[in-house]
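Dumped input-v5.pdb below, it's PDB, C-alpha atoms and all ligand atoms:
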MODEL        1
ATOM      1  CA  MET A   1       0.895 -42.555 -60.878
ATOM      2  CA  ARG A   2       0.643 -39.444 -58.717
ATOM      3  CA  CYS A   3       3.334 -37.075 -57.542
ATOM      4  CA  ASP A   4       4.490 -38.102 -54.055
ATOM      5  CA  CYS A   5       4.903 -34.464 -53.031
ATOM      6  CA  CYS A   6       1.806 -32.615 -54.269
ATOM      7  CA  GLY A   7      -0.475 -35.416 -55.528
ATOM      8  CA  SER A   8      -0.710 -34.070 -59.082
ATOM      9  CA  ALA A   9      -1.291 -36.660 -61.817
ATOM     10  CA  ASP A  10       0.538 -34.510 -64.387
ATOM     11  CA  TRP A  11       3.967 -35.876 -65.266
ATOM     12  CA  THR A  12       6.146 -34.401 -67.999
ATOM     13  CA  PRO A  13       8.578 -36.972 -69.460
ATOM     14  CA  LEU A  14      12.216 -35.792 -69.539
ATOM     15  CA  PHE A  15      14.371 -38.716 -70.782
ATOM     16  CA  SER A  16      15.147 -42.432 -70.355
ATOM     17  CA  GLU A  17      18.188 -44.188 -68.923
ATOM     18  CA  ASN A  18      18.569 -47.986 -69.006
ATOM     19  CA  GLY A  19      15.013 -48.188 -70.330
ATOM     20  CA  ILE A  20      13.639 -46.358 -67.265
ATOM     21  CA  ARG A  21      11.813 -43.078 -67.849
ATOM     22  CA  LEU A  22      12.307 -39.993 -65.684
ATOM     23  CA  GLY A  23       9.745 -37.214 -65.683
ATOM     24  CA  GLN A  24       8.873 -34.141 -63.677
ATOM     25  CA  CYS A  25       5.819 -32.820 -61.884
ATOM     26  CA  PRO A  26       4.916 -29.441 -63.426
ATOM     27  CA  ARG A  27       3.356 -28.254 -60.139
ATOM     28  CA  CYS A  28       6.054 -28.906 -57.521
ATOM     29  CA  ASP A  29       9.065 -29.830 -59.757
ATOM     30  CA  LEU A  30       9.607 -33.281 -58.153
ATOM     31  CA  LEU A  31      11.448 -35.534 -60.620
ATOM     32  CA  TYR A  32      10.447 -39.188 -60.486
ATOM     33  CA  ILE A  33      10.559 -42.374 -62.527
ATOM     34  CA  ASP A  34       7.372 -43.758 -64.065
ATOM     35  CA  ASP A  35       7.796 -47.172 -62.409
ATOM     36  CA  ILE A  36       8.149 -46.690 -58.639
ATOM     37  CA  PRO A  37       8.696 -50.247 -57.290
ATOM     38  CA  GLU A  38       6.514 -51.927 -54.689
ATOM     39  CA  PRO A  39       8.200 -52.006 -51.249
ATOM     40  CA  GLN A  40       8.677 -55.803 -51.342
ATOM     41  CA  ARG A  41      10.469 -55.721 -54.716
ATOM     42  CA  ARG A  42      12.690 -52.914 -53.455
ATOM     43  CA  MET A  43      13.669 -54.894 -50.335
ATOM     44  CA  THR A  44      14.478 -57.969 -52.415
ATOM     45  CA  GLU A  45      16.720 -55.891 -54.685
ATOM     46  CA  MET A  46      18.522 -54.255 -51.763
ATOM     47  CA  GLU A  47      19.054 -57.549 -49.961
ATOM     48  CA  ALA A  48      20.352 -59.203 -53.118
ATOM     49  CA  GLY A  49      22.708 -56.278 -53.723
ATOM     50  CA  HIS A  50      21.161 -55.622 -57.108
ATOM     51  CA  TYR A  51      18.628 -53.234 -58.505
ATOM     52  CA  ALA A  52      16.889 -52.652 -61.824
ATOM     53  CA  GLY A  53      17.560 -56.282 -62.719
ATOM     54  CA  THR A  54      21.284 -56.520 -63.334
ATOM     55  CA  GLN A  55      23.097 -53.476 -61.990
ATOM     56  CA  GLU A  56      25.263 -54.042 -58.971
ATOM     57  CA  ILE A  57      25.168 -51.953 -55.820
ATOM     58  CA  VAL A  58      28.793 -51.033 -54.959
ATOM     59  CA  ALA A  59      30.301 -53.766 -52.744
ATOM     60  CA  ALA A  60      30.826 -53.139 -49.033
ATOM     61  CA  ASP A  61      34.634 -52.950 -49.084
ATOM     62  CA  LYS A  62      34.585 -50.302 -51.845
ATOM     63  CA  GLN A  63      31.825 -48.469 -49.974
ATOM     64  CA  SER A  64      33.959 -48.437 -46.841
ATOM     65  CA  GLN A  65      36.936 -46.865 -48.720
ATOM     66  CA  SER A  66      34.692 -44.228 -50.266
ATOM     67  CA  GLU A  67      33.265 -43.385 -46.865
ATOM     68  CA  LEU A  68      36.724 -42.742 -45.420
ATOM     69  CA  ILE A  69      37.319 -40.222 -48.192
ATOM     70  CA  LEU A  70      33.996 -38.579 -47.390
ATOM     71  CA  ARG A  71      34.934 -38.065 -43.742
ATOM     72  CA  SER A  72      35.262 -34.267 -43.874
ATOM     73  CA  ARG A  73      31.916 -33.877 -45.664
ATOM     74  CA  PHE A  74      30.226 -36.075 -43.050
ATOM     75  CA  GLN A  75      31.897 -34.203 -40.184
ATOM     76  CA  GLY A  76      30.235 -31.117 -41.688
ATOM     77  CA  PHE A  77      26.815 -32.768 -41.195
ATOM     78  CA  VAL A  78      27.619 -33.467 -37.528
ATOM     79  CA  ASP A  79      28.769 -29.849 -37.033
ATOM     80  CA  LEU A  80      25.574 -28.620 -38.723
ATOM     81  CA  ALA A  81      23.388 -30.800 -36.462
ATOM     82  CA  ARG A  82      25.201 -29.579 -33.335
ATOM     83  CA  GLU A  83      24.326 -25.970 -34.186
ATOM     84  CA  HIS A  84      20.641 -26.873 -33.844
ATOM     85  CA  THR A  85      20.403 -29.910 -31.542
ATOM     86  CA  PRO A  86      23.703 -30.424 -29.711
ATOM     87  CA  SER A  87      23.044 -33.726 -27.913
ATOM     88  CA  GLY A  88      20.762 -36.736 -27.557
ATOM     89  CA  ARG A  89      19.855 -39.759 -29.672
ATOM     90  CA  TRP A  90      20.927 -39.808 -33.348
ATOM     91  CA  LEU A  91      19.404 -42.148 -35.952
ATOM     92  CA  ASP A  92      21.244 -42.413 -39.293
ATOM     93  CA  ILE A  93      19.012 -43.822 -42.029
ATOM     94  CA  GLY A  94      21.012 -45.475 -44.829
ATOM     95  CA  CYS A  95      24.100 -45.544 -42.601
ATOM     96  CA  GLY A  96      26.269 -47.501 -45.072
ATOM     97  CA  ALA A  97      29.410 -48.822 -43.379
ATOM     98  CA  GLY A  98      28.839 -46.479 -40.426
ATOM     99  CA  LEU A  99      31.145 -43.490 -40.966
ATOM    100  CA  LEU A 100      28.588 -40.816 -40.012
ATOM    101  CA  LEU A 101      27.417 -42.878 -37.021
ATOM    102  CA  GLY A 102      30.999 -43.044 -35.729
ATOM    103  CA  LEU A 103      31.422 -39.274 -36.086
ATOM    104  CA  ALA A 104      28.093 -38.654 -34.304
ATOM    105  CA  ARG A 105      29.177 -40.986 -31.486
ATOM    106  CA  ASP A 106      32.500 -39.090 -31.192
ATOM    107  CA  ALA A 107      30.399 -35.919 -30.804
ATOM    108  CA  SER A 108      28.698 -37.614 -27.797
ATOM    109  CA  TYR A 109      25.383 -38.504 -29.420
ATOM    110  CA  GLU A 110      23.828 -41.900 -28.641
ATOM    111  CA  ILE A 111      23.724 -43.615 -32.029
ATOM    112  CA  GLU A 112      21.514 -46.057 -33.916
ATOM    113  CA  GLY A 113      21.409 -46.936 -37.623
ATOM    114  CA  ILE A 114      19.278 -48.315 -40.413
ATOM    115  CA  GLU A 115      20.850 -49.997 -43.440
ATOM    116  CA  LEU A 116      18.999 -52.219 -45.903
ATOM    117  CA  SER A 117      22.104 -53.737 -47.493
ATOM    118  CA  ALA A 118      23.022 -56.735 -45.308
ATOM    119  CA  ASP A 119      26.818 -56.605 -45.652
ATOM    120  CA  ARG A 120      27.020 -52.867 -44.973
ATOM    121  CA  MET A 121      24.690 -53.320 -41.996
ATOM    122  CA  ARG A 122      27.089 -55.855 -40.441
ATOM    123  CA  ILE A 123      30.143 -53.627 -41.008
ATOM    124  CA  ALA A 124      28.379 -50.585 -39.521
ATOM    125  CA  ALA A 125      27.363 -52.535 -36.402
ATOM    126  CA  GLN A 126      30.882 -53.992 -35.978
ATOM    127  CA  GLN A 127      32.669 -50.685 -36.497
ATOM    128  CA  THR A 128      30.452 -48.475 -34.306
ATOM    129  CA  GLY A 129      28.933 -50.852 -31.753
ATOM    130  CA  ALA A 130      25.547 -49.341 -32.638
ATOM    131  CA  THR A 131      22.284 -51.204 -33.104
ATOM    132  CA  VAL A 132      21.679 -51.246 -36.870
ATOM    133  CA  HIS A 133      18.306 -52.348 -38.230
ATOM    134  CA  GLY A 134      17.843 -53.896 -41.672
ATOM    135  CA  LEU A 135      14.297 -52.564 -42.122
ATOM    136  CA  PRO A 136      12.769 -49.422 -43.596
ATOM    137  CA  VAL A 137      12.289 -46.874 -40.777
ATOM    138  CA  GLU A 138       8.484 -47.177 -41.048
ATOM    139  CA  ASP A 139       8.756 -50.898 -40.202
ATOM    140  CA  VAL A 140      11.065 -50.725 -37.152
ATOM    141  CA  GLY A 141       8.194 -49.656 -34.851
ATOM    142  CA  TYR A 142       9.940 -46.885 -32.938
ATOM    143  CA  PRO A 143       7.855 -45.246 -30.184
ATOM    144  CA  ASP A 144       6.881 -41.555 -30.547
ATOM    145  CA  ASP A 145       9.587 -39.063 -29.528
ATOM    146  CA  SER A 146      12.530 -41.472 -29.947
ATOM    147  CA  PHE A 147      15.270 -39.317 -31.511
ATOM    148  CA  ASP A 148      16.820 -35.848 -31.385
ATOM    149  CA  VAL A 149      18.619 -36.005 -34.740
ATOM    150  CA  ILE A 150      17.715 -38.127 -37.768
ATOM    151  CA  SER A 151      20.074 -38.025 -40.752
ATOM    152  CA  MET A 152      19.348 -39.128 -44.314
ATOM    153  CA  ILE A 153      22.446 -38.617 -46.448
ATOM    154  CA  ASN A 154      21.852 -39.557 -50.088
ATOM    155  CA  VAL A 155      18.736 -41.485 -49.091
ATOM    156  CA  PHE A 156      15.838 -39.334 -50.353
ATOM    157  CA  SER A 157      16.256 -40.507 -53.978
ATOM    158  CA  HIS A 158      15.874 -44.144 -52.893
ATOM    159  CA  LEU A 159      12.646 -43.690 -50.915
ATOM    160  CA  ILE A 160       9.503 -45.271 -52.335
ATOM    161  CA  SER A 161       7.310 -42.616 -50.700
ATOM    162  CA  PRO A 162       9.203 -39.643 -49.225
ATOM    163  CA  THR A 163       5.869 -38.325 -47.847
ATOM    164  CA  GLU A 164       5.349 -41.480 -45.747
ATOM    165  CA  THR A 165       8.947 -41.385 -44.559
ATOM    166  CA  PHE A 166       8.813 -37.666 -43.587
ATOM    167  CA  ARG A 167       5.578 -38.323 -41.635
ATOM    168  CA  GLU A 168       7.246 -41.176 -39.760
ATOM    169  CA  LEU A 169      10.298 -39.023 -38.984
ATOM    170  CA  ALA A 170       8.068 -36.258 -37.589
ATOM    171  CA  ARG A 171       6.391 -38.859 -35.346
ATOM    172  CA  ILE A 172       9.587 -40.361 -33.934
ATOM    173  CA  LEU A 173      11.419 -37.038 -33.432
ATOM    174  CA  ARG A 174      11.395 -35.494 -29.969
ATOM    175  CA  PRO A 175      10.342 -31.858 -29.537
ATOM    176  CA  GLY A 176      13.286 -29.754 -30.679
ATOM    177  CA  GLY A 177      14.505 -32.597 -32.888
ATOM    178  CA  ILE A 178      15.799 -32.148 -36.439
ATOM    179  CA  VAL A 179      16.281 -34.017 -39.714
ATOM    180  CA  VAL A 180      19.608 -33.492 -41.507
ATOM    181  CA  MET A 181      19.184 -34.395 -45.157
ATOM    182  CA  ALA A 182      21.483 -34.279 -48.191
ATOM    183  CA  THR A 183      20.279 -35.197 -51.663
ATOM    184  CA  GLY A 184      20.351 -34.257 -55.343
ATOM    185  CA  GLU A 185      18.407 -31.107 -56.179
ATOM    186  CA  MET A 186      17.785 -30.037 -59.784
ATOM    187  CA  THR A 187      17.164 -26.439 -60.775
ATOM    188  CA  ALA A 188      14.918 -25.703 -63.783
ATOM    189  CA  GLY A 189      15.601 -27.353 -67.149
ATOM    190  CA  ALA A 190      17.044 -30.715 -66.031
ATOM    191  CA  GLN A 191      18.470 -32.759 -68.916
ATOM    192  CA  LYS A 192      20.070 -36.180 -69.218
ATOM    193  CA  GLY A 193      23.561 -34.673 -69.720
ATOM    194  CA  ASP A 194      23.357 -32.875 -66.352
ATOM    195  CA  MET A 195      24.580 -35.986 -64.535
ATOM    196  CA  LEU A 196      27.143 -38.559 -65.664
ATOM    197  CA  HIS A 197      24.900 -41.292 -64.205
ATOM    198  CA  TRP A 198      21.367 -40.867 -62.932
ATOM    199  CA  ASN A 199      21.198 -44.518 -61.772
ATOM    200  CA  LEU A 200      17.470 -44.572 -62.482
ATOM    201  CA  GLY A 201      15.858 -47.590 -60.890
ATOM    202  CA  ASP A 202      18.108 -47.294 -57.835
ATOM    203  CA  HIS A 203      17.238 -43.573 -57.713
ATOM    204  CA  LEU A 204      13.474 -43.065 -57.852
ATOM    205  CA  HIS A 205      13.058 -39.372 -56.941
ATOM    206  CA  PHE A 206      15.067 -36.130 -57.185
ATOM    207  CA  LEU A 207      14.142 -32.799 -55.670
ATOM    208  CA  GLY A 208      13.345 -30.046 -58.171
ATOM    209  CA  ASP A 209      13.596 -26.304 -57.690
ATOM    210  CA  ARG A 210      10.411 -25.796 -55.615
ATOM    211  CA  THR A 211       9.962 -29.338 -54.253
ATOM    212  CA  MET A 212      11.336 -29.090 -50.710
ATOM    213  CA  ALA A 213       9.385 -25.877 -50.055
ATOM    214  CA  GLU A 214       6.233 -27.711 -51.187
ATOM    215  CA  TYR A 215       6.957 -30.760 -48.974
ATOM    216  CA  ALA A 216       7.598 -28.441 -46.021
ATOM    217  CA  GLU A 217       4.298 -26.636 -46.605
ATOM    218  CA  ARG A 218       2.283 -29.849 -46.961
ATOM    219  CA  LEU A 219       3.910 -31.775 -44.125
ATOM    220  CA  ASP A 220       4.219 -28.893 -41.652
ATOM    221  CA  LEU A 221       7.996 -28.882 -41.600
ATOM    222  CA  ALA A 222      10.200 -25.860 -41.006
ATOM    223  CA  VAL A 223      13.296 -25.549 -43.219
ATOM    224  CA  LEU A 224      15.915 -24.323 -40.724
ATOM    225  CA  HIS A 225      18.830 -24.549 -43.151
ATOM    226  CA  HIS A 226      19.158 -25.011 -46.909
ATOM    227  CA  GLU A 227      22.296 -24.794 -49.001
ATOM    228  CA  ARG A 228      22.785 -25.752 -52.606
ATOM    229  CA  THR A 229      26.180 -26.636 -54.060
ATOM    230  CA  TRP A 230      26.535 -26.910 -57.811
ATOM    231  CA  LEU A 231      27.240 -30.606 -58.291
ATOM    232  CA  PRO A 232      29.984 -30.406 -60.961
ATOM    233  CA  ASP A 233      31.915 -28.026 -58.690
ATOM    234  CA  GLU A 234      31.599 -30.369 -55.727
ATOM    235  CA  MET A 235      32.113 -33.482 -57.779
ATOM    236  CA  PHE A 236      35.303 -32.937 -59.761
ATOM    237  CA  SER A 237      37.553 -32.734 -56.725
ATOM    238  CA  ARG A 238      40.611 -34.464 -55.252
ATOM    239  CA  GLU A 239      38.211 -36.696 -53.270
ATOM    240  CA  TRP A 240      36.379 -37.696 -56.432
ATOM    241  CA  LEU A 241      39.678 -38.731 -58.038
ATOM    242  CA  ARG A 242      40.333 -41.074 -55.115
ATOM    243  CA  VAL A 243      36.926 -42.749 -55.093
ATOM    244  CA  ARG A 244      36.938 -46.022 -57.063
ATOM    245  CA  GLY A 245      33.858 -46.694 -59.182
ATOM    246  CA  ARG A 246      32.606 -49.595 -61.280
ATOM    247  CA  SER A 247      34.492 -48.728 -64.468
ATOM    248  CA  LYS A 248      38.133 -49.927 -64.615
ATOM    249  CA  ALA A 249      38.886 -47.523 -67.473
ATOM    250  CA  LYS A 250      37.543 -44.582 -65.486
ATOM    251  CA  ASN A 251      39.455 -45.661 -62.366
ATOM    252  CA  ALA A 252      42.699 -45.810 -64.394
ATOM    253  CA  LEU A 253      42.021 -42.348 -65.833
ATOM    254  CA  LYS A 254      41.375 -40.947 -62.346
ATOM    255  CA  SER A 255      44.670 -42.423 -61.065
ATOM    256  CA  THR A 256      46.568 -40.835 -63.958
ATOM    257  CA  VAL A 257      44.968 -37.417 -63.433
ATOM    258  CA  ASN A 258      45.654 -37.662 -59.696
ATOM    259  CA  ARG A 259      49.382 -38.364 -60.285
ATOM    260  CA  THR A 260      49.849 -35.687 -62.967
ATOM    261  CA  PRO A 261      50.905 -32.225 -61.700
ATOM    262  CA  GLY A 262      48.120 -29.807 -62.669
ATOM    263  CA  GLY A 263      46.021 -32.766 -63.781
ATOM    264  CA  LEU A 264      43.067 -31.993 -61.562
ATOM    265  CA  ALA A 265      42.917 -28.311 -62.618
ATOM    266  CA  LEU A 266      42.915 -29.373 -66.264
ATOM    267  CA  MET A 267      40.280 -32.039 -65.668
ATOM    268  CA  ARG A 268      38.093 -29.511 -63.810
ATOM    269  CA  ALA A 269      38.427 -26.964 -66.615
ATOM    270  CA  VAL A 270      37.321 -29.557 -69.181
ATOM    271  CA  MET A 271      34.534 -31.108 -67.116
ATOM    272  CA  LEU A 272      33.111 -27.826 -65.764
ATOM    273  CA  ARG A 273      32.952 -26.434 -69.320
ATOM    274  CA  ARG A 274      31.276 -29.611 -70.520
ATOM    275  CA  GLN A 275      28.811 -29.484 -67.621
ATOM    276  CA  ALA A 276      28.341 -25.689 -67.750
ATOM    277  CA  ASP A 277      24.574 -25.939 -68.286
ATOM    278  CA  SER A 278      24.055 -28.597 -65.614
ATOM    279  CA  SER A 279      21.051 -28.087 -63.356
ATOM    280  CA  ALA A 280      22.422 -30.646 -60.857
ATOM    281  CA  HIS A 281      23.017 -29.465 -57.300
ATOM    282  CA  SER A 282      23.658 -31.140 -54.018
ATOM    283  CA  GLY A 283      21.119 -29.877 -51.464
ATOM    284  CA  VAL A 284      21.701 -29.949 -47.709
ATOM    285  CA  PHE A 285      18.748 -29.307 -45.387
ATOM    286  CA  VAL A 286      17.938 -29.105 -41.715
ATOM    287  CA  LEU A 287      14.203 -29.729 -41.206
ATOM    288  CA  ALA A 288      12.082 -29.651 -38.073
ATOM    289  CA  PRO A 289       8.420 -30.470 -37.434
ATOM    290  CA  ARG A 290       6.438 -27.247 -36.808
TER
HETATM  291 ZN    ZN B 301       4.178 -32.506 -57.570
ENDMDL
END
Would you write the structure of this file as structure tokens?
Ligand SMILES: [Zn+2]
Amino acid sequence: MRCDCCGSADWTPLFSENGIRLGQCPRCDLLYIDDIPEPQRRMTEMEAGHYAGTQEIVAADKQSQSELILRSRFQGFVDLAREHTPSGRWLDIGCGAGLLLGLARDASYEIEGIELSADRMRIAAQQTGATVHGLPVEDVGYPDDSFDVISMINVFSHLISPTETFRELARILRPGGIVVMATGEMTAGAQKGDMLHWNLGDHLHFLGDRTMAEYAERLDLAVLHHERTWLPDEMFSREWLRVRGRSKAKNALKSTVNRTPGGLALMRAVMLRRQADSSAHSGVFVLAPR
């Protein structure tokens, strides 16, 4: 098992979750699980709506509600893209129920999507009128120079080989084209308690402190924009309270906090203190082939 980013065979174990081990490359800081699935197994899991054996991928109707709540965050990605590449063809990889695609269309981009989960793929196509493929981007067979903007929001962690995917994106981007990417990014000293759920098995990779700089160097990408938001700060928000998860108990607690005056401030004070040492960040990037 070699590091997808730098090729090193060194792998320092960090911890296990659901019997799956996460470790880190000491050279480039990429975090990855010790059992990266074969592409065929991954497709079967995505199509079946399950991963790592028994865990369910959130159903399409719940996904659609969550996406509505995420509208302002996603509009931020469209605004960010427009600063660099204001028009043209936009491909959203992992488009879910199509919220970002709709916002890109409203900003006058021509849109197309990729979504491996069959029910989300149908909803995205219905709601946006876009062509949505149910294949990994490497398998669609796009010609060179096909897109001006390619977005991957919370997709990096699911990729079997980010290196192969980045190479394909560089090939299908037009000159002047960009990749807009958002994903988890861990600063030094990542520990299990840094995230409430790592969802190992569904998540295969996480960026570490130096990882994106190393990918950029190796793959000849320019990092045009990089911002890190501390995840606990972003996470324990009014939006988070409104998003329904898998746990009924947690959903009930969120509803109570949401209805209680001052409830969110109290919850934030408790959770931010508890998570004070967390290395977890949300990284947003704009990348371009050099
Ligand atoms: Zn590495």
Legend entry - Closest of A:Ile20, A:Ala269, A:Met43, A:Val284 to Met181 in chain A - atom-to-atom distances counting all atoms listed in the file: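 Among the listed residues, the smallest separation from Met181 in chain A belongs to A:Val284.
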Chain and number of each residue from the PyMOL selection byres (((chain A and resi 149) around 6) and not hetatm), as an mmCIF file with C-alpha atoms, in the coordinates of the input:
data_model
loop_
_atom_site.group_PDB
_atom_site.id
_atom_site.type_symbol
_atom_site.label_atom_id
_atom_site.label_comp_id
_atom_site.auth_asym_id
_atom_site.auth_seq_id
_atom_site.Cartn_x
_atom_site.Cartn_y
_atom_site.Cartn_z
ATOM 1 C CA TRP A 90 20.927 -39.808 -33.348
ATOM 2 C CA PHE A 147 15.270 -39.317 -31.511
ATOM 3 C CA ASP A 148 16.820 -35.848 -31.385
ATOM 4 C CA ILE A 150 17.715 -38.127 -37.768
ATOM 5 C CA GLY A 177 14.505 -32.597 -32.888
ATOM 6 C CA ILE A 178 15.799 -32.148 -36.439
ATOM 7 C CA VAL A 179 16.281 -34.017 -39.714
#
Inset, instruction - Dump the neighbourhood of ligand ZN 301 (chain B) as JSON, numbers by chain: all residues within 7 Å, distances computed on all atoms listed in the file. - result: {"A": [3, 4, 5, 6, 7, 8, 25, 26, 27, 28, 29, 30]}
Keeping only C-alpha atoms, take the residues you just selected and write them out as an mmCIF file, in the coordinates of the input.
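Result file follows (result08.cif):
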data_model
loop_
_atom_site.group_PDB
_atom_site.id
_atom_site.type_symbol
_atom_site.label_atom_id
_atom_site.label_comp_id
_atom_site.auth_asym_id
_atom_site.auth_seq_id
_atom_site.Cartn_x
_atom_site.Cartn_y
_atom_site.Cartn_z
ATOM 1 C CA CYS A 3 3.334 -37.075 -57.542
ATOM 2 C CA ASP A 4 4.490 -38.102 -54.055
ATOM 3 C CA CYS A 5 4.903 -34.464 -53.031
ATOM 4 C CA CYS A 6 1.806 -32.615 -54.269
ATOM 5 C CA GLY A 7 -0.475 -35.416 -55.528
ATOM 6 C CA SER A 8 -0.710 -34.070 -59.082
ATOM 7 C CA CYS A 25 5.819 -32.820 -61.884
ATOM 8 C CA PRO A 26 4.916 -29.441 -63.426
ATOM 9 C CA ARG A 27 3.356 -28.254 -60.139
ATOM 10 C CA CYS A 28 6.054 -28.906 -57.521
ATOM 11 C CA ASP A 29 9.065 -29.830 -59.757
ATOM 12 C CA LEU A 30 9.607 -33.281 -58.153
#
Inset, instruction - In Å, rounded to a single decimal, give me how far CA of Ala130 in chain A is from CA of Met152 in chain A. - result: 16.7 Å
Inset, instruction - Work out how far apart CA of Gly283 in chain A and CA of Arg228 in chain A are and give it in Å to one decimal. - result: 4.6 Å
Find the residues around range 288-290 of chain A up to 9 Å (all atoms listed in the file counted), leave out those fewer than 2 positions away in its own chain, and share them as a compact mmCIF listing (two decimals) with C-alpha atoms, keeping the file's coordinate frame.
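For reference, selection_12.txt as written:
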# COMPACT_ATOMS: atom_id res chain seq x y z
CA LEU A 169 10.30 -39.02 -38.98
CA ALA A 170 8.07 -36.26 -37.59
CA ARG A 171 6.39 -38.86 -35.35
CA LEU A 173 11.42 -37.04 -33.43
CA PRO A 175 10.34 -31.86 -29.54
CA GLY A 176 13.29 -29.75 -30.68
CA GLY A 177 14.50 -32.60 -32.89
CA ILE A 178 15.80 -32.15 -36.44
CA VAL A 179 16.28 -34.02 -39.71
CA ALA A 216 7.60 -28.44 -46.02
CA LEU A 219 3.91 -31.78 -44.12
CA ASP A 220 4.22 -28.89 -41.65
CA LEU A 221 8.00 -28.88 -41.60
CA ALA A 222 10.20 -25.86 -41.01
CA VAL A 223 13.30 -25.55 -43.22
CA LEU A 224 15.92 -24.32 -40.72
CA VAL A 286 17.94 -29.10 -41.72
Legend entry - Computed interatomic separation between CA of Asn18 in chain A and CA of Met212 in chain A (Å):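 One can read the CA of Asn18 in chain A to CA of Met212 in chain A distance as 27.3 Å.
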Legend entry - Among the residues A:Ala280, A:Thr12, A:Gly23, A:Val180, the one that comes closest to His197 in chain A [using all atoms listed in the file]: A:Ala280
Inset, instruction - List the residues selected by the PyMOL selection byres (((chain A and resi 108-119) around 8) and not hetatm) in the file shown, writing them as JSON, numbers by chain. - result: {"A": [43, 46, 47, 49, 60, 87, 88, 89, 90, 91, 92, 93, 94, 95, 96, 98, 101, 104, 105, 106, 107, 120, 121, 122, 123, 130, 131, 132, 133, 134, 135, 136, 137]}
Inset, instruction - Apply the PyMOL selection byres (((chain A and resi 78) around 9) and not hetatm) to the file shown and report the selected residues as a list in words. - result: Phe74, Gln75, Gly76, Phe77, Asp79, Leu80, Ala81, Arg82, Glu83, Leu100, Leu103, Ala104, Ala107 and Val180 of chain A
May I have the residues within 8 Å of Leu200 in chain A as an mmCIF file with C-alpha atoms, keeping the file's coordinate frame, using all atoms listed in the file and disregarding those fewer than 2 positions away in the same chain?
data_model
loop_
_atom_site.group_PDB
_atom_site.id
_atom_site.type_symbol
_atom_site.label_atom_id
_atom_site.label_comp_id
_atom_site.auth_asym_id
_atom_site.auth_seq_id
_atom_site.Cartn_x
_atom_site.Cartn_y
_atom_site.Cartn_z
ATOM 1 C CA GLU A 17 18.188 -44.188 -68.923
ATOM 2 C CA ASN A 18 18.569 -47.986 -69.006
ATOM 3 C CA ILE A 20 13.639 -46.358 -67.265
ATOM 4 C CA ARG A 21 11.813 -43.078 -67.849
ATOM 5 C CA LEU A 22 12.307 -39.993 -65.684
ATOM 6 C CA ILE A 33 10.559 -42.374 -62.527
ATOM 7 C CA TRP A 198 21.367 -40.867 -62.932
ATOM 8 C CA ASP A 202 18.108 -47.294 -57.835
ATOM 9 C CA HIS A 203 17.238 -43.573 -57.713
ATOM 10 C CA LEU A 204 13.474 -43.065 -57.852
#
Inset, instruction - Excluding Ile36 in chain A and residues on its chain fewer than 5 positions from it, collect all residues at most 9 Å away from it, counting only C-alpha atoms, and give them as an MDAnalysis selection string. - result: chainID A and resid 1 160:161 201 204:205
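Nearest residue to His225 in chain A, choosing from A:Arg174, A:His84, A:Lys192, A:Arg259 and counting only C-alpha atoms: A:His84.
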Inset, instruction - Would you kindly return, as a list of chain:residue names, each protein, DNA or RNA residue with an atom no farther than 8 Å from any atom of Thr183 in chain A, considering only C-alpha atoms and excluding same-chain residues fewer than 6 positions away? - result: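 Residues meeting the cut-off are A:Ile153, A:Asn154, A:Val155, A:Phe156, A:Ser157, A:Phe206, A:Leu207, A:Ser282, A:Gly283, A:Val284.
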Legend entry - From A:Asp34, A:Glu214, A:Glu164, A:Asp144, residue lying nearest Phe15 in chain A [all atoms listed in the file]: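 Ranking A:Asp34, A:Glu214, A:Glu164, A:Asp144 by distance to Phe15 in chain A, first place goes to A:Asp34.
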Give me the residues within 12 Å of Leu264 in chain A as a JSON list (two decimals) with C-alpha atoms, in the frame of the given file, counting only C-alpha atoms and dropping any in the same chain fewer than 2 places off.
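As a result, result.json now contains:
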[["chain", "number", "residue", "atom", "x", "y", "z"],
["A", 235, "MET", "CA", 32.11, -33.48, -57.78],
["A", 236, "PHE", "CA", 35.30, -32.94, -59.76],
["A", 237, "SER", "CA", 37.55, -32.73, -56.72],
["A", 238, "ARG", "CA", 40.61, -34.46, -55.25],
["A", 239, "GLU", "CA", 38.21, -36.70, -53.27],
["A", 240, "TRP", "CA", 36.38, -37.70, -56.43],
["A", 241, "LEU", "CA", 39.68, -38.73, -58.04],
["A", 242, "ARG", "CA", 40.33, -41.07, -55.12],
["A", 253, "LEU", "CA", 42.02, -42.35, -65.83],
["A", 254, "LYS", "CA", 41.38, -40.95, -62.35],
["A", 255, "SER", "CA", 44.67, -42.42, -61.06],
["A", 256, "THR", "CA", 46.57, -40.84, -63.96],
["A", 257, "VAL", "CA", 44.97, -37.42, -63.43],
["A", 258, "ASN", "CA", 45.65, -37.66, -59.70],
["A", 259, "ARG", "CA", 49.38, -38.36, -60.28],
["A", 260, "THR", "CA", 49.85, -35.69, -62.97],
["A", 261, "PRO", "CA", 50.90, -32.22, -61.70],
["A", 262, "GLY", "CA", 48.12, -29.81, -62.67],
["A", 266, "LEU", "CA", 42.92, -29.37, -66.26],
["A", 267, "MET", "CA", 40.28, -32.04, -65.67],
["A", 268, "ARG", "CA", 38.09, -29.51, -63.81],
["A", 269, "ALA", "CA", 38.43, -26.96, -66.61],
["A", 270, "VAL", "CA", 37.32, -29.56, -69.18],
["A", 271, "MET", "CA", 34.53, -31.11, -67.12],
["A", 272, "LEU", "CA", 33.11, -27.83, -65.76]]
Inset, instruction - May I ask which of the residues A:Thr211, A:Ala249, A:Ser279, A:Gly189 is the closest one to Leu231 in chain A, counting all atoms listed in the file? - result: A:Ser279
